[in-house]
Amino acid sequence: MLFAVAAGARAQGEARGRIVGERPVPAVVYAEDLPDETAPQQTRATMKQLHLRFSPQVLPVLQGTTVDFVNQDATAHNVFSPSPPAFDLGTFGGGARSFLFRAPGAHVILCNVHLEMVAWILVLRNPFFAAVDEDGRFSLGLPPGRHRLVLWRPRESESRKDVEVPAEGRTDVEWILSPQRP
Amino acid sequence: MILICATGGRALAIPAFARRYRTACTTCHVLPPQLNSFGLAFRANGFRIPSGERSRQEADVQLGAPEWETLFPNAFLPGTVPDTPPFAGLVYAAVEAERGKITTEETTLVLGLLSAGNLGRRASWFAAGGFGPRGAAIERMWLSFDRLAGPWLNVRAGYLESAAVPFSRYTHKLSYEGYLPFESAGPAGLALSASRTALEIFGAGSDPGALRGLQFALGLAARNAQGGLAADGYARVSYKFGGVAAAGDQSGEPGRLAPAVAPLEETSLRVGGFLYQATLGGPQSRPGAWRAGADLDLRAGNIEAFASAWAGGDRQADAAAEAEAWAYLAGASVRPLPWLMAIGRYEAGWTSGSAAERRLIATLRAALQQNAAVTLDLIVGIPHADSTESVASLFLAF
């Protein structure tokens with residue numbers, strides 16, 4: 001499944017690509033050279049707690065987005081983040097708790113009931129981003145021109161790549177990862 | 001002439017690691033069990049890949065996400081347990097025959113069991129024992145708390161071979177016979193390489209860094225001695241010039257020192273010194289001894305030359321006088337083929353009041369495959385060659 005956030009009428013072009021190498025997912029590709037925007041009020045996204053895991057494990061959102069944490073397990077979960085600004089939504093057995101993400105950056109999400117559960121919410125400054133699918137592919141709407149893309153993966157350093165997006169049609173990107181440490 | 005039908009060996013290649021890292025024995029061994037530079041660095045890092053093994057540990061069963069690290073001391077530190085059973089087995093068999101003043105034949109058959117690994121970023125363990133017709137015994141067993149200040153500070157405690165020993169029968173065993181200077185006991189009953197209960201602080205340098213070749217160990221040991229336990233102290237320091245750093249490359253650059261990089265062909269020189277004081281204080285009724293020595297290990301591609309010598313003294317229980325003692329060894333090995341090694345060494349030991357023991361050992365080791373090897377040894381007592389021992393052995397690790 002592909003996630004793509006287009007920037008309205010400005011996203012006339014497209015960068016379509018594939019991440020090649022070990023552990024290409026979970027990952028997010030975003031453009032870092034476009035103007036800041038804030039999500040309209042009431043913009044919402046969802047992160048579930050299902051089968052003792054957060055799902056999706058990586059959720060990219062635009063700054064100003066409210067994320068609903070929905071517990072779909074039969075057991076109680078906690079949701080908290082040690083990343084600034086730290087928050088703790090408490091422990092709840094069902095339903096949802098929400099948090100408004102204003103600060104750009106990666107926010108680690110943990111559950112203090114099940115310590116192995118971990119997820120990341122990547123809060124971005126503009127809407128030009130896409131989550132990489134399970135096959136390592138992504139599709140990102142972009143304005144025509146030259147852009148710098150960033151590949152973000154949890155626990156890994158970011159890597160960057162410049163792309164030229166045509167006024168019409170798309171550009172294809174093959175993103176080869178450095179060899180992984182064992 | 002000796003014929004051996006055997007499997008396995010006291011050799012301590014550890015297939016538990018081969019399973020865990022999905023890699024061949026020769027990633028860490030020249031010819032098992034002798035460690036290559038990468039294997040030594042792996043060991044110095046508490047059985048971890050020096051450049052990092054984050055993804056490997058993420059494949060383990062997570063006892064808390066690694067992100068909990070940032071919350072300590074307000075939360076439990078996370079850990080891991082291996083996703084594959086961290087066990088390995090060895091079968092070893094040997095036939096030896098001695099001719100000359102003494103004429104004997106003897107067979108040895110041992111089933112060894114090993115368990116080793118790390119428990120995340122801070123702890124590691126090692127345990128080895130053996131079963132044979134003569135009984136069962138734990139050979140070594142320790143728990144280590146690692147990387148308390150990077151690779152420079154680690155603490156291990158358990159039943160172990162002292163790190164003062166420069167050429168360990170476990171990590172540098174090239175022949176059937178152990179190294180005379182470190183295995184012979186002397187009048188005070190001190191054999192440097194014998195396992196003992198000990199607490200040891202150790203560390204090593206890594207890349208990048210000016211002290212990349214430095215390695216040290218300080219230890220306190222409780223050793224069984226006449227009249228009870230003897231408290232021993234020991235220290236060792238060494239520096240390695242060239243080659244892989246003592247604790248490997250920890251720069252984190254992917255692939256810079258991956259296992260696939262063969263450190264076997266490096267050119268390096270390690271120079272070291274060690275001091276062992278047996279019986280620190282205590283009643284005069286306990287025997288005492290000391291050893292002070294130096295060693296060097298030169299590796300140049302498929303050739304290795306090594307030597308060590310120590311001077312010391314032994315005092316038996318209630319004895320007023322100390323007997324002088326010394327021992328040394330010098331040897332070399334060559335691998336004409338990656339799986340074939342020829343080794344020769346000369347070693348001698350002496351204690352005042354007794355005749356010096358001198359012997360020449362010639363060995364041919366051949367790995368039939370990665371986890372099976374045969375060894376032929378000829379051990380000649382000199383200068384008169386009045387006793388010649390021949391040994392053939394085979395080992396299999398699984």
# chains A, B, ... in the order shown; residues from 1 in each chain; ligands from 1
>>> select_by_dssp(residues="stretch 113-295 of chain B", states="strand (DSSP E or B)", output="PyMOL selection string")
chain B and resi 113-118+123-132+135-145+148-151+154-160+196-204+207+214-225+228-241+249+267-278+288-295
>>> write_last_selection(atoms="C-alpha atoms", output="compact mmCIF listing (two decimals), in the first residue's frame")
# COMPACT_ATOMS: atom_id res chain seq x y z
CA LEU B 113 28.96 -28.22 25.22
CA LEU B 114 29.22 -24.49 24.77
CA SER B 115 26.95 -21.56 25.27
CA ALA B 116 27.91 -17.96 24.60
CA GLY B 117 26.49 -14.70 23.38
CA ASN B 118 25.43 -11.24 24.37
CA ALA B 123 26.03 -8.07 29.17
CA SER B 124 27.52 -11.20 27.69
CA TRP B 125 28.29 -14.69 28.85
CA PHE B 126 30.38 -17.73 28.04
CA ALA B 127 30.14 -21.27 29.36
CA ALA B 128 31.98 -24.40 28.29
CA GLY B 129 32.05 -27.86 29.74
CA GLY B 130 32.86 -31.37 28.72
CA PHE B 131 31.72 -34.94 29.21
CA GLY B 132 33.94 -37.94 28.76
CA GLY B 135 33.66 -37.66 34.06
CA ALA B 136 32.23 -34.24 33.44
CA ALA B 137 33.56 -30.84 34.27
CA ILE B 138 32.90 -27.18 33.74
CA GLU B 139 35.88 -25.77 31.92
CA ARG B 140 35.07 -22.06 31.92
CA MET B 141 32.03 -20.00 32.75
CA TRP B 142 31.72 -16.24 33.12
CA LEU B 143 29.32 -13.34 32.96
CA SER B 144 30.59 -10.03 31.66
CA PHE B 145 29.28 -6.50 31.97
CA LEU B 148 30.84 0.48 30.79
CA ALA B 149 33.06 3.19 29.26
CA GLY B 150 33.10 2.21 25.61
CA PRO B 151 35.44 -0.68 24.83
CA ASN B 154 34.48 -4.25 30.90
CA VAL B 155 34.14 -6.43 33.97
CA ARG B 156 33.81 -10.18 33.92
CA ALA B 157 33.47 -12.60 36.77
CA GLY B 158 33.35 -16.36 36.88
CA TYR B 159 35.52 -19.39 36.37
CA LEU B 160 37.98 -18.39 33.70
CA ARG B 196 40.10 -20.21 38.36
CA THR B 197 37.42 -18.15 40.00
CA ALA B 198 38.25 -14.55 39.20
CA LEU B 199 37.04 -11.00 38.81
CA GLU B 200 38.66 -9.25 35.90
CA ILE B 201 38.59 -5.71 34.54
CA PHE B 202 39.64 -5.41 30.93
CA GLY B 203 39.53 -3.06 27.99
CA ALA B 204 40.95 -2.35 24.58
CA ASP B 207 39.39 2.63 15.58
CA LEU B 214 46.26 -0.88 23.47
CA GLN B 215 44.75 -3.70 25.51
CA PHE B 216 44.84 -4.31 29.24
CA ALA B 217 43.47 -6.58 31.96
CA LEU B 218 43.62 -6.50 35.75
CA GLY B 219 42.36 -9.38 37.83
CA LEU B 220 41.88 -10.89 41.24
CA ALA B 221 41.58 -14.64 41.45
CA ALA B 222 40.79 -17.24 44.07
CA ARG B 223 42.85 -20.32 43.37
CA ASN B 224 42.72 -23.68 45.07
CA ALA B 225 46.01 -24.11 46.90
CA GLY B 228 42.74 -23.49 51.23
CA LEU B 229 42.15 -20.70 48.78
CA ALA B 230 44.93 -18.46 47.59
CA ALA B 231 44.10 -14.92 46.52
CA ASP B 232 46.05 -14.01 43.39
CA GLY B 233 46.50 -10.77 41.51
CA TYR B 234 47.51 -10.30 37.90
CA ALA B 235 47.86 -7.72 35.17
CA ARG B 236 48.55 -7.67 31.49
CA VAL B 237 49.07 -4.88 28.97
CA SER B 238 49.82 -5.12 25.28
CA TYR B 239 49.97 -2.95 22.20
CA LYS B 240 49.29 -4.06 18.68
CA PHE B 241 50.96 -2.24 15.82
CA ASP B 249 36.65 -0.57 14.27
CA THR B 267 50.51 -7.47 8.92
CA SER B 268 50.70 -6.68 12.61
CA LEU B 269 52.92 -6.96 15.64
CA ARG B 270 51.59 -7.31 19.17
CA VAL B 271 53.97 -6.73 22.05
CA GLY B 272 52.86 -7.41 25.59
CA GLY B 273 53.90 -7.87 29.18
CA PHE B 274 52.28 -9.67 32.10
CA LEU B 275 52.66 -10.06 35.83
CA TYR B 276 51.08 -12.71 38.05
CA GLN B 277 51.45 -12.71 41.83
CA ALA B 278 50.12 -15.89 43.33
CA GLY B 288 53.34 -18.62 46.78
CA ALA B 289 54.69 -17.86 43.34
CA TRP B 290 55.18 -15.04 40.88
CA ARG B 291 55.68 -14.70 37.15
CA ALA B 292 56.77 -11.68 35.13
CA GLY B 293 57.03 -12.02 31.40
CA ALA B 294 56.82 -10.58 27.92
CA ASP B 295 55.49 -11.78 24.62
>>> interface_residues(of="chain A", to="chain B", cutoff="12 Å", atoms="only C-alpha atoms", output="VMD selection string")
chain A and resid 22 to 23 53 80 to 83 86 107 to 120 154 to 157 177 to 182
>>> residues_around(residues="A:His51", least_positions_apart="4", cutoff="9 Å", atoms="only C-alpha atoms", output="PDB file with N, CA and C atoms, in the first residue's frame")
ATOM      1  N   GLN A  72      -7.105  -1.341  19.603  1.00  0.00           N
ATOM      2  CA  GLN A  72      -7.980  -2.384  19.061  1.00  0.00           C
ATOM      3  C   GLN A  72      -7.657  -3.750  19.659  1.00  0.00           C
ATOM      4  N   ASP A  73      -6.783  -3.773  20.654  1.00  0.00           N
ATOM      5  CA  ASP A  73      -6.478  -5.028  21.338  1.00  0.00           C
ATOM      6  C   ASP A  73      -7.461  -5.245  22.490  1.00  0.00           C
ATOM      7  N   ALA A  74      -7.511  -6.475  22.960  1.00  0.00           N
ATOM      8  CA  ALA A  74      -8.364  -6.773  24.109  1.00  0.00           C
ATOM      9  C   ALA A  74      -7.695  -6.365  25.416  1.00  0.00           C
TER      10      ALA A  74
END
>>> residues_around(residues="B:Asp314", least_positions_apart="6", cutoff="12 Å", atoms="only C-alpha atoms", output="PyMOL selection string")
chain B and resi 185-191+276-279+286-291+320-326+350-353
>>> write_last_selection(atoms="N, CA and C atoms", output="PDB file, in the first residue's frame")
ATOM      1  N   ALA B 185      52.824 -26.615  36.189  1.00  0.00           N
ATOM      2  CA  ALA B 185      52.372 -26.066  37.468  1.00  0.00           C
ATOM      3  C   ALA B 185      53.509 -25.528  38.333  1.00  0.00           C
ATOM      4  N   GLY B 186      54.642 -26.131  38.347  1.00  0.00           N
ATOM      5  CA  GLY B 186      55.717 -25.673  39.223  1.00  0.00           C
ATOM      6  C   GLY B 186      55.491 -26.127  40.656  1.00  0.00           C
ATOM      7  N   PRO B 187      56.502 -25.942  41.520  1.00  0.00           N
ATOM      8  CA  PRO B 187      56.424 -26.434  42.903  1.00  0.00           C
ATOM      9  C   PRO B 187      55.271 -25.834  43.701  1.00  0.00           C
ATOM     10  N   ALA B 188      54.880 -24.609  43.397  1.00  0.00           N
ATOM     11  CA  ALA B 188      53.805 -23.970  44.157  1.00  0.00           C
ATOM     12  C   ALA B 188      52.424 -24.313  43.621  1.00  0.00           C
ATOM     13  N   GLY B 189      52.385 -25.089  42.576  1.00  0.00           N
ATOM     14  CA  GLY B 189      51.093 -25.489  42.032  1.00  0.00           C
ATOM     15  C   GLY B 189      50.424 -24.435  41.175  1.00  0.00           C
ATOM     16  N   LEU B 190      51.188 -23.461  40.700  1.00  0.00           N
ATOM     17  CA  LEU B 190      50.606 -22.396  39.889  1.00  0.00           C
ATOM     18  C   LEU B 190      50.766 -22.704  38.402  1.00  0.00           C
ATOM     19  N   ALA B 191      49.653 -22.970  37.731  1.00  0.00           N
ATOM     20  CA  ALA B 191      49.629 -23.095  36.268  1.00  0.00           C
ATOM     21  C   ALA B 191      48.857 -21.893  35.747  1.00  0.00           C
ATOM     22  N   TYR B 276      52.020 -11.901  37.261  1.00  0.00           N
ATOM     23  CA  TYR B 276      51.082 -12.706  38.048  1.00  0.00           C
ATOM     24  C   TYR B 276      51.690 -12.918  39.426  1.00  0.00           C
ATOM     25  N   GLN B 277      51.000 -12.501  40.449  1.00  0.00           N
ATOM     26  CA  GLN B 277      51.452 -12.706  41.828  1.00  0.00           C
ATOM     27  C   GLN B 277      50.492 -13.680  42.485  1.00  0.00           C
ATOM     28  N   ALA B 278      50.963 -14.881  42.704  1.00  0.00           N
ATOM     29  CA  ALA B 278      50.122 -15.893  43.331  1.00  0.00           C
ATOM     30  C   ALA B 278      50.256 -15.788  44.842  1.00  0.00           C
ATOM     31  N   THR B 279      49.144 -15.754  45.490  1.00  0.00           N
ATOM     32  CA  THR B 279      49.024 -15.625  46.934  1.00  0.00           C
ATOM     33  C   THR B 279      49.406 -14.219  47.385  1.00  0.00           C
ATOM     34  N   ARG B 286      50.424 -21.176  53.042  1.00  0.00           N
ATOM     35  CA  ARG B 286      50.004 -21.302  51.639  1.00  0.00           C
ATOM     36  C   ARG B 286      51.224 -21.119  50.740  1.00  0.00           C
ATOM     37  N   PRO B 287      51.304 -21.911  49.666  1.00  0.00           N
ATOM     38  CA  PRO B 287      52.429 -21.727  48.748  1.00  0.00           C
ATOM     39  C   PRO B 287      52.284 -20.414  47.975  1.00  0.00           C
ATOM     40  N   GLY B 288      53.375 -19.870  47.522  1.00  0.00           N
ATOM     41  CA  GLY B 288      53.344 -18.620  46.776  1.00  0.00           C
ATOM     42  C   GLY B 288      54.185 -18.714  45.521  1.00  0.00           C
ATOM     43  N   ALA B 289      53.904 -17.863  44.581  1.00  0.00           N
ATOM     44  CA  ALA B 289      54.685 -17.858  43.343  1.00  0.00           C
ATOM     45  C   ALA B 289      54.466 -16.537  42.623  1.00  0.00           C
ATOM     46  N   TRP B 290      55.381 -16.211  41.719  1.00  0.00           N
ATOM     47  CA  TRP B 290      55.176 -15.042  40.877  1.00  0.00           C
ATOM     48  C   TRP B 290      55.752 -15.303  39.486  1.00  0.00           C
ATOM     49  N   ARG B 291      55.214 -14.599  38.524  1.00  0.00           N
ATOM     50  CA  ARG B 291      55.683 -14.701  37.150  1.00  0.00           C
ATOM     51  C   ARG B 291      55.684 -13.296  36.557  1.00  0.00           C
ATOM     52  N   ALA B 320      61.043 -21.457  53.529  1.00  0.00           N
ATOM     53  CA  ALA B 320      61.639 -20.136  53.711  1.00  0.00           C
ATOM     54  C   ALA B 320      62.197 -19.611  52.398  1.00  0.00           C
ATOM     55  N   ALA B 321      62.759 -20.519  51.614  1.00  0.00           N
ATOM     56  CA  ALA B 321      63.427 -20.084  50.392  1.00  0.00           C
ATOM     57  C   ALA B 321      62.510 -20.199  49.187  1.00  0.00           C
ATOM     58  N   GLU B 322      62.760 -19.332  48.237  1.00  0.00           N
ATOM     59  CA  GLU B 322      61.995 -19.353  46.995  1.00  0.00           C
ATOM     60  C   GLU B 322      62.855 -19.979  45.911  1.00  0.00           C
ATOM     61  N   ALA B 323      62.257 -20.865  45.145  1.00  0.00           N
ATOM     62  CA  ALA B 323      62.975 -21.492  44.040  1.00  0.00           C
ATOM     63  C   ALA B 323      62.831 -20.626  42.800  1.00  0.00           C
ATOM     64  N   GLU B 324      63.924 -20.339  42.152  1.00  0.00           N
ATOM     65  CA  GLU B 324      63.868 -19.566  40.910  1.00  0.00           C
ATOM     66  C   GLU B 324      63.240 -20.404  39.805  1.00  0.00           C
ATOM     67  N   ALA B 325      62.650 -19.740  38.864  1.00  0.00           N
ATOM     68  CA  ALA B 325      62.030 -20.465  37.757  1.00  0.00           C
ATOM     69  C   ALA B 325      62.026 -19.581  36.516  1.00  0.00           C
ATOM     70  N   TRP B 326      62.043 -20.194  35.358  1.00  0.00           N
ATOM     71  CA  TRP B 326      61.859 -19.474  34.106  1.00  0.00           C
ATOM     72  C   TRP B 326      61.251 -20.416  33.085  1.00  0.00           C
ATOM     73  N   TRP B 350      62.069 -24.350  33.584  1.00  0.00           N
ATOM     74  CA  TRP B 350      63.052 -24.799  34.567  1.00  0.00           C
ATOM     75  C   TRP B 350      62.730 -24.225  35.933  1.00  0.00           C
ATOM     76  N   THR B 351      62.933 -25.008  36.956  1.00  0.00           N
ATOM     77  CA  THR B 351      62.861 -24.547  38.337  1.00  0.00           C
ATOM     78  C   THR B 351      64.126 -25.005  39.039  1.00  0.00           C
ATOM     79  N   SER B 352      64.715 -24.130  39.849  1.00  0.00           N
ATOM     80  CA  SER B 352      65.980 -24.483  40.486  1.00  0.00           C
ATOM     81  C   SER B 352      65.803 -25.744  41.327  1.00  0.00           C
ATOM     82  N   GLY B 353      66.786 -26.603  41.233  1.00  0.00           N
ATOM     83  CA  GLY B 353      66.716 -27.856  41.958  1.00  0.00           C
ATOM     84  C   GLY B 353      66.189 -28.997  41.118  1.00  0.00           C
TER      85      GLY B 353
END
